[in-house]
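Coordinates from target-v8.cif are shown below (mmCIF, C-alpha atoms (C1' of nucleotides)).
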```cif
data_work
loop_
_atom_site.label_atom_id
_atom_site.label_comp_id
_atom_site.auth_asym_id
_atom_site.auth_seq_id
_atom_site.Cartn_x
_atom_site.Cartn_y
_atom_site.Cartn_z
CA MET A 1 146.43 211.74 196.15
CA SER A 2 149.89 213.04 196.97
CA GLU A 3 151.55 216.38 196.38
CA SER A 4 152.50 217.58 192.93
CA ASN A 5 154.38 220.44 191.34
CA LEU A 6 151.27 221.69 189.61
CA CYS A 7 151.01 225.43 188.99
CA PRO A 8 148.93 226.69 191.92
CA ARG A 9 147.30 229.40 189.85
CA LEU A 10 146.07 226.99 187.21
CA ALA A 11 144.95 224.62 189.93
CA LYS A 12 142.96 227.40 191.53
CA ALA A 13 141.46 228.48 188.22
CA MET A 14 140.37 224.94 187.45
CA ASP A 15 139.01 224.58 190.94
CA LEU A 16 136.92 227.72 190.52
CA ILE A 17 135.65 227.08 187.03
CA GLY A 18 135.49 223.36 187.67
CA LYS A 19 133.00 223.83 190.45
CA ARG A 20 129.52 222.78 189.51
CA TRP A 21 127.41 225.58 187.91
CA THR A 22 130.19 228.17 188.02
CA GLY A 23 130.85 227.98 184.30
CA LEU A 24 127.20 228.34 183.41
CA ILE A 25 126.70 231.20 185.87
CA LEU A 26 129.58 233.11 184.30
CA TYR A 27 128.23 232.31 180.84
CA GLN A 28 124.86 233.63 181.85
CA LEU A 29 126.42 236.87 183.06
CA LEU A 30 128.06 237.39 179.67
CA ASP A 31 124.59 238.60 178.65
CA GLY A 32 124.94 241.48 181.07
CA PRO A 33 124.01 242.24 184.68
CA GLN A 34 121.22 240.07 185.99
CA ARG A 35 119.33 239.69 189.16
CA PHE A 36 119.24 236.62 191.33
CA ASN A 37 115.94 235.30 190.05
CA GLU A 38 116.88 235.79 186.42
CA ILE A 39 119.92 233.58 186.80
CA GLU A 40 117.98 231.06 188.83
CA THR A 41 115.34 230.86 186.11
CA ALA A 42 117.83 230.69 183.26
CA LEU A 43 119.83 227.80 184.72
CA PRO A 44 118.84 224.50 186.29
CA VAL A 45 120.53 225.47 189.53
CA SER A 46 118.82 225.71 192.90
CA GLY A 47 118.71 228.93 194.84
CA ARG A 48 120.78 227.38 197.55
CA LEU A 49 123.74 226.66 195.30
CA LEU A 50 123.30 229.78 193.21
CA SER A 51 123.63 231.83 196.35
CA GLU A 52 126.69 229.88 197.41
CA ARG A 53 128.39 230.16 194.01
CA LEU A 54 127.68 233.86 193.65
CA LYS A 55 129.23 234.43 197.05
CA GLU A 56 132.35 232.55 196.03
CA LEU A 57 132.58 234.42 192.74
CA GLU A 58 132.09 237.72 194.52
CA LYS A 59 134.76 236.82 197.04
CA GLU A 60 137.16 235.93 194.23
CA GLY A 61 136.41 239.20 192.51
CA LEU A 62 134.86 237.80 189.33
CA VAL A 63 131.36 239.01 190.07
CA ALA A 64 130.05 242.24 191.58
CA ARG A 65 126.87 242.41 193.64
CA LYS A 66 124.75 245.52 193.72
CA VAL A 67 121.72 245.99 195.91
CA TYR A 68 118.93 248.33 194.86
CA SER A 69 116.73 249.35 197.74
CA GLU A 70 113.51 249.02 195.88
CA VAL A 71 110.34 247.23 196.80
CA PRO A 72 110.97 244.44 196.99
CA VAL A 73 114.72 244.55 197.06
CA ARG A 74 116.53 244.07 193.76
CA VAL A 75 120.00 242.56 193.66
CA GLU A 76 122.01 242.62 190.46
CA TYR A 77 125.03 240.53 189.70
CA SER A 78 127.52 241.46 187.02
CA LEU A 79 130.97 240.48 185.82
CA THR A 80 133.97 242.47 186.95
CA ASP A 81 137.00 243.01 184.70
CA LYS A 82 138.44 239.84 186.16
CA GLY A 83 135.25 238.02 185.30
CA TRP A 84 135.10 239.46 181.78
CA ALA A 85 138.67 238.32 181.25
CA LEU A 86 137.30 234.79 181.19
CA GLU A 87 135.00 235.54 178.28
CA GLY A 88 137.43 234.12 175.73
CA ALA A 89 137.73 230.84 177.57
CA ILE A 90 133.98 230.53 177.99
CA ARG A 91 133.27 231.36 174.34
CA ASN A 92 135.89 228.82 173.40
CA ILE A 93 134.11 226.12 175.35
CA GLU A 94 130.83 227.22 173.81
CA SER A 95 132.18 226.87 170.30
CA TRP A 96 133.77 223.53 171.14
CA ALA A 97 130.39 222.36 172.39
CA THR A 98 128.77 223.46 169.15
CA SER A 99 131.34 221.67 167.05
CA TRP A 100 131.83 218.47 168.99
CA LEU A 101 128.78 217.70 171.08
CA MET B 25 115.94 224.13 190.32
CA SER B 26 113.43 224.08 187.51
CA GLU B 27 113.78 223.56 183.79
CA SER B 28 115.43 226.10 181.53
CA ASN B 29 115.96 226.75 177.86
CA LEU B 30 119.71 226.41 178.21
CA CYS B 31 121.63 225.06 175.22
CA PRO B 32 122.02 221.36 175.99
CA ARG B 33 125.40 221.15 174.29
CA LEU B 34 126.88 223.95 176.35
CA ALA B 35 125.32 222.44 179.45
CA LYS B 36 126.94 219.13 178.66
CA ALA B 37 130.31 220.74 177.93
CA MET B 38 130.23 222.60 181.21
CA ASP B 39 129.17 219.47 183.01
CA LEU B 40 132.11 217.55 181.55
CA ILE B 41 134.77 220.19 182.05
CA GLY B 42 133.20 221.35 185.25
CA LYS B 43 133.64 217.98 186.86
CA ARG B 44 136.38 217.94 189.43
CA TRP B 45 139.85 217.14 188.01
CA THR B 46 138.68 216.88 184.42
CA GLY B 47 140.21 220.20 183.40
CA LEU B 48 143.54 219.38 184.96
CA ILE B 49 143.60 215.89 183.47
CA LEU B 50 143.05 217.32 180.00
CA TYR B 51 145.67 219.97 180.66
CA GLN B 52 148.11 217.29 181.70
CA LEU B 53 147.47 215.38 178.48
CA LEU B 54 148.34 218.46 176.44
CA ASP B 55 151.93 217.43 177.20
CA GLY B 56 151.38 214.26 175.20
CA PRO B 57 150.35 210.66 175.87
CA GLN B 58 150.87 209.60 179.45
CA ARG B 59 150.34 206.52 181.49
CA PHE B 60 148.07 206.21 184.47
CA ASN B 61 150.75 206.64 187.09
CA GLU B 62 152.27 209.65 185.39
CA ILE B 63 148.98 211.51 185.54
CA GLU B 64 148.35 210.35 189.08
CA THR B 65 151.75 211.65 190.15
CA ALA B 66 151.42 214.94 188.28
CA LEU B 67 148.07 215.85 189.78
CA PRO B 68 146.71 215.79 193.32
CA VAL B 69 144.00 213.37 192.28
CA SER B 70 143.46 209.93 193.76
CA GLY B 71 143.64 206.79 191.64
CA ARG B 72 139.99 206.18 192.31
CA LEU B 73 138.82 209.41 190.75
CA LEU B 74 141.49 209.44 188.06
CA SER B 75 140.24 206.07 186.89
CA GLU B 76 136.65 207.29 186.97
CA ARG B 77 137.40 210.50 185.06
CA LEU B 78 139.51 208.78 182.42
CA LYS B 79 136.67 206.35 181.83
CA GLU B 80 134.22 209.22 181.37
CA LEU B 81 136.57 211.06 179.04
CA GLU B 82 137.16 207.90 177.03
CA LYS B 83 133.43 207.29 176.81
CA GLU B 84 132.89 210.86 175.59
CA GLY B 85 135.62 210.42 173.03
CA LEU B 86 138.03 213.05 174.35
CA VAL B 87 140.67 210.60 175.47
CA ALA B 88 142.00 207.38 173.94
CA ARG B 89 143.26 204.46 176.00
CA LYS B 90 145.93 202.16 174.68
CA VAL B 91 147.14 199.03 176.45
CA TYR B 92 150.66 197.76 175.88
CA SER B 93 151.03 194.13 176.87
CA GLU B 94 154.35 194.53 178.55
CA VAL B 95 155.51 193.38 181.93
CA PRO B 96 153.95 194.83 183.86
CA VAL B 97 151.19 196.15 181.70
CA ARG B 98 151.49 199.70 180.43
CA VAL B 99 148.42 201.80 179.69
CA GLU B 100 148.73 205.09 177.87
CA TYR B 101 146.14 207.81 177.71
CA SER B 102 146.13 210.47 175.02
CA LEU B 103 143.88 213.17 173.64
CA THR B 104 141.74 212.46 170.60
CA ASP B 105 140.96 215.14 168.00
CA LYS B 106 137.90 215.97 170.04
CA GLY B 107 140.09 216.31 173.10
CA TRP B 108 142.69 218.42 171.30
CA ALA B 109 139.91 220.69 170.12
CA LEU B 110 139.65 221.89 173.70
CA GLU B 111 143.26 223.03 173.77
CA GLY B 112 142.35 226.64 173.02
CA ALA B 113 139.88 226.79 175.88
CA ILE B 114 142.33 225.23 178.30
CA ARG B 115 145.19 227.52 177.27
CA ASN B 116 142.83 230.42 177.66
CA ILE B 117 142.07 229.44 181.22
CA GLU B 118 145.77 228.97 181.84
CA SER B 119 146.58 232.45 180.65
CA TRP B 120 143.70 233.93 182.61
CA ALA B 121 145.08 232.21 185.70
CA THR B 122 148.50 233.70 185.03
CA SER B 123 147.10 237.19 184.60
CA TRP B 124 144.47 237.29 187.30
CA LEU B 125 145.30 234.83 190.07
"C1'" DC C 23 155.09 175.11 191.25
"C1'" DA C 24 154.76 178.70 195.00
"C1'" DC C 25 156.21 183.40 195.64
"C1'" DT C 26 157.42 188.08 194.56
"C1'" DT C 27 157.13 192.31 191.89
"C1'" DT C 28 154.79 196.06 189.47
"C1'" DA C 29 151.14 198.86 187.00
"C1'" DA C 30 146.63 199.55 186.89
"C1'" DG C 31 142.93 199.57 188.69
"C1'" DT C 32 138.69 198.40 192.31
"C1'" DT C 33 136.29 198.17 196.74
"C1'" DA C 34 134.74 199.59 201.33
"C1'" DC C 35 133.90 203.10 204.23
"C1'" DA C 36 134.03 208.03 206.20
"C1'" DT C 37 133.52 212.79 204.90
"C1'" DT C 38 131.98 216.50 202.05
"C1'" DT C 39 129.09 218.57 198.70
"C1'" DA C 40 124.80 218.95 196.19
"C1'" DG C 41 119.55 218.56 195.71
"C1'" DT C 42 114.92 219.62 197.63
"C1'" DA C 43 111.64 221.90 200.10
"C1'" DA C 44 110.37 224.71 203.83
"C1'" DT C 45 111.30 228.81 206.17
"C1'" DC C 46 113.04 233.57 207.09
"C1'" DA C 47 114.00 238.83 206.50
"C1'" DA C 48 113.05 243.28 204.90
"C1'" DA C 49 110.24 246.70 202.94
"C1'" DT C 50 106.10 248.49 201.62
"C1'" DA C 51 101.05 248.40 200.40
"C1'" DA C 52 96.37 247.35 201.65
"C1'" DT D 6 98.13 243.77 211.08
"C1'" DT D 7 98.53 241.05 207.24
"C1'" DA D 8 99.87 240.17 202.57
"C1'" DT D 9 103.29 240.28 198.93
"C1'" DT D 10 107.74 239.85 196.73
"C1'" DT D 11 112.82 239.07 196.23
"C1'" DG D 12 116.65 237.25 197.96
"C1'" DA D 13 118.29 234.41 200.49
"C1'" DT D 14 119.15 230.54 204.62
"C1'" DT D 15 118.11 226.18 207.08
"C1'" DA D 16 117.15 221.28 207.74
"C1'" DC D 17 117.23 217.10 205.78
"C1'" DT D 18 118.31 213.52 202.14
"C1'" DA D 19 121.03 211.92 198.25
"C1'" DA D 20 125.14 211.87 195.63
"C1'" DA D 21 130.10 212.73 194.92
"C1'" DT D 22 134.70 212.68 196.79
"C1'" DG D 23 138.82 211.35 199.81
"C1'" DT D 24 141.49 207.62 201.87
"C1'" DA D 25 143.47 203.42 202.26
"C1'" DA D 26 143.39 198.64 201.67
"C1'" DC D 27 142.75 195.18 198.41
"C1'" DT D 28 142.63 192.79 193.68
"C1'" DT D 29 144.23 191.41 189.08
"C1'" DA D 30 147.44 189.95 185.68
"C1'" DA D 31 151.72 188.68 183.83
"C1'" DA D 32 156.30 187.24 184.21
"C1'" DG D 33 160.58 186.47 186.65
"C1'" DT D 34 162.88 184.05 190.74
"C1'" DG D 35 163.94 180.23 193.83
#
```

Would you kindly transcribe this structure into structure tokens?
Amino acid sequence: MSESNLCPRLAKAMDLIGKRWTGLILYQLLDGPQRFNEIETALPVSGRLLSERLKELEKEGLVARKVYSEVPVRVEYSLTDKGWALEGAIRNIESWATSWL
Amino acid sequence: MSESNLCPRLAKAMDLIGKRWTGLILYQLLDGPQRFNEIETALPVSGRLLSERLKELEKEGLVARKVYSEVPVRVEYSLTDKGWALEGAIRNIESWATSWL
DNA sequence: CACTTTAAGTTACATTTAGTAATCAAATAA
DNA sequence: TTATTTGATTACTAAATGTAACTTAAAGTG
């Protein structure tokens, strides 16, 4: 595993999207803003990793987190412009899956 | 991490592509057939995992493996039609990376 | 024949990441 | 005070990954 002249931006993109659950979380958010438990229910991901992934995605600016001070607290996650910019890629994978899997 | 009504084909696609290095290996093969060492040199992936991923991709029918009985042996990996069908998705990620990372 | 060379892996072992279940924090209602 | 609910975090186990050494096979060299 030596060095390479691989484009660092593509490498980073693949590292992000290539992380387990990230693709499905983004796909899920294509349906619109959703709260933590909605995503957790919709996907076979544990709360522990969902929390971790959402934090990464928020840090990278693909996902926005909004807290509503209700009772009990409501937290909604949504795609940012940067996140929505991946819609084409995700839809592409979806249609590939439909055609080839 | 309970059950969900997630599309099994999309889940499988994301599981495949979302596995570490898989995206970059497919991207690398968009340049045409390449032998084991070429891919290993082009990407920061170890031989151990490259071998494992290529086996998975071959099993899933995205990559074809051809052995040339030369001295020493030459093994070339290339995309199948099913593999090439992912080109759009991969290019999409590439262009997202260029625009947003 | 023994011995070297080279590509393509494989194996053994340490480290990191993921899975599972229990627990915590905050805010309000009873 | 205690219960309830969402959104997490923690502790522990299991699985995946990183690293480096080793193996295999085939042919050329001495």

Provide an axis-aligned box for all listed atoms of region 15-20 of chain D, padding each side by 4 Å; report its centre and its edge lengths in Å to one decimal, as JSON.
```
{"center_x": 121.1, "center_y": 219.0, "center_z": 201.7, "size_x": 16.0, "size_y": 22.3, "size_z": 20.1}
```

**OP:** May I have the residues within 10 Å of region 14-17 of chain A as a PyMOL selection string, using all atoms listed in the file and disregarding those fewer than 3 positions away in the same chain?
**Re:** (chain A and resi 8-11+20-26+53+56-57+60+86+90) or (chain B and resi 38+41-48+51+114+117-118+121)

Subject >> Reference answer for the PyMOL selection byres ((chain A) within 8 of (chain D)), as a list in words >> reply: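 For this structure, the PyMOL selection byres ((chain A) within 8 of (chain D)) resolves to Phe36, Asn37, Gly47, Arg48, Ser51, Val71, Pro72, Val73, Arg74 and Val75 of chain A.
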
Chain A in the frame of chain B after full C-alpha superposition, as a compact mmCIF listing (two decimals) with C-alpha atoms, keeping the file's coordinate frame:
```txt
# COMPACT_ATOMS: atom_id res chain seq x y z
CA MET A 1 116.00 224.04 190.28
CA SER A 2 113.45 224.06 187.48
CA GLU A 3 113.78 223.59 183.75
CA SER A 4 115.45 226.15 181.53
CA ASN A 5 115.99 226.79 177.85
CA LEU A 6 119.73 226.44 178.22
CA CYS A 7 121.65 225.09 175.23
CA PRO A 8 122.02 221.38 175.99
CA ARG A 9 125.39 221.17 174.28
CA LEU A 10 126.89 223.96 176.35
CA ALA A 11 125.33 222.47 179.45
CA LYS A 12 126.94 219.15 178.66
CA ALA A 13 130.30 220.74 177.93
CA MET A 14 130.23 222.61 181.22
CA ASP A 15 129.16 219.47 183.00
CA LEU A 16 132.11 217.57 181.55
CA ILE A 17 134.76 220.19 182.04
CA GLY A 18 133.15 221.36 185.26
CA LYS A 19 133.62 217.98 186.85
CA ARG A 20 136.35 217.94 189.43
CA TRP A 21 139.84 217.13 188.02
CA THR A 22 138.67 216.86 184.42
CA GLY A 23 140.19 220.18 183.42
CA LEU A 24 143.53 219.37 184.98
CA ILE A 25 143.58 215.88 183.47
CA LEU A 26 143.02 217.32 180.00
CA TYR A 27 145.66 219.97 180.67
CA GLN A 28 148.09 217.29 181.70
CA LEU A 29 147.45 215.38 178.48
CA LEU A 30 148.32 218.47 176.44
CA ASP A 31 151.91 217.43 177.18
CA GLY A 32 151.36 214.28 175.18
CA PRO A 33 150.32 210.68 175.85
CA GLN A 34 150.86 209.61 179.42
CA ARG A 35 150.35 206.54 181.45
CA PHE A 36 148.08 206.20 184.42
CA ASN A 37 150.76 206.62 187.05
CA GLU A 38 152.26 209.65 185.37
CA ILE A 39 148.98 211.50 185.53
CA GLU A 40 148.36 210.33 189.06
CA THR A 41 151.76 211.63 190.12
CA ALA A 42 151.44 214.92 188.27
CA LEU A 43 148.07 215.84 189.79
CA PRO A 44 146.72 215.75 193.32
CA VAL A 45 144.01 213.33 192.28
CA SER A 46 143.49 209.88 193.75
CA GLY A 47 143.67 206.77 191.63
CA ARG A 48 140.05 206.09 192.29
CA LEU A 49 138.84 209.33 190.75
CA LEU A 50 141.49 209.39 188.05
CA SER A 51 140.24 206.03 186.88
CA GLU A 52 136.66 207.23 186.96
CA ARG A 53 137.40 210.46 185.08
CA LEU A 54 139.49 208.76 182.42
CA LYS A 55 136.65 206.34 181.82
CA GLU A 56 134.21 209.19 181.37
CA LEU A 57 136.57 211.04 179.05
CA GLU A 58 137.15 207.89 177.05
CA LYS A 59 133.43 207.28 176.81
CA GLU A 60 132.89 210.84 175.60
CA GLY A 61 135.61 210.42 173.03
CA LEU A 62 138.02 213.05 174.35
CA VAL A 63 140.66 210.59 175.48
CA ALA A 64 141.98 207.38 173.93
CA ARG A 65 143.25 204.47 176.00
CA LYS A 66 145.93 202.17 174.70
CA VAL A 67 147.13 199.07 176.47
CA TYR A 68 150.66 197.78 175.92
CA SER A 69 151.06 194.18 176.93
CA GLU A 70 154.37 194.63 178.60
CA VAL A 71 155.55 193.55 182.00
CA PRO A 72 153.95 194.93 183.93
CA VAL A 73 151.16 196.22 181.77
CA ARG A 74 151.48 199.76 180.45
CA VAL A 75 148.40 201.83 179.71
CA GLU A 76 148.72 205.12 177.87
CA TYR A 77 146.13 207.83 177.71
CA SER A 78 146.12 210.47 175.01
CA LEU A 79 143.86 213.17 173.63
CA THR A 80 141.74 212.45 170.59
CA ASP A 81 140.94 215.13 168.00
CA LYS A 82 137.89 215.97 170.05
CA GLY A 83 140.06 216.33 173.11
CA TRP A 84 142.67 218.42 171.30
CA ALA A 85 139.90 220.71 170.11
CA LEU A 86 139.64 221.89 173.70
CA GLU A 87 143.26 223.02 173.77
CA GLY A 88 142.35 226.64 173.02
CA ALA A 89 139.89 226.80 175.88
CA ILE A 90 142.33 225.22 178.30
CA ARG A 91 145.20 227.50 177.26
CA ASN A 92 142.84 230.41 177.65
CA ILE A 93 142.08 229.44 181.22
CA GLU A 94 145.78 228.95 181.84
CA SER A 95 146.61 232.43 180.63
CA TRP A 96 143.72 233.91 182.61
CA ALA A 97 145.11 232.20 185.69
CA THR A 98 148.52 233.68 185.03
CA SER A 99 147.13 237.16 184.59
CA TRP A 100 144.50 237.28 187.30
CA LEU A 101 145.31 234.83 190.06
```

Original post:
Got a sec to resolve the PyMOL selection byres ((chain C) within 10 of (chain A)) on this structure and send the residues as a VMD selection string?
Top reply: chain C and resid 40 to 42 48 to 50
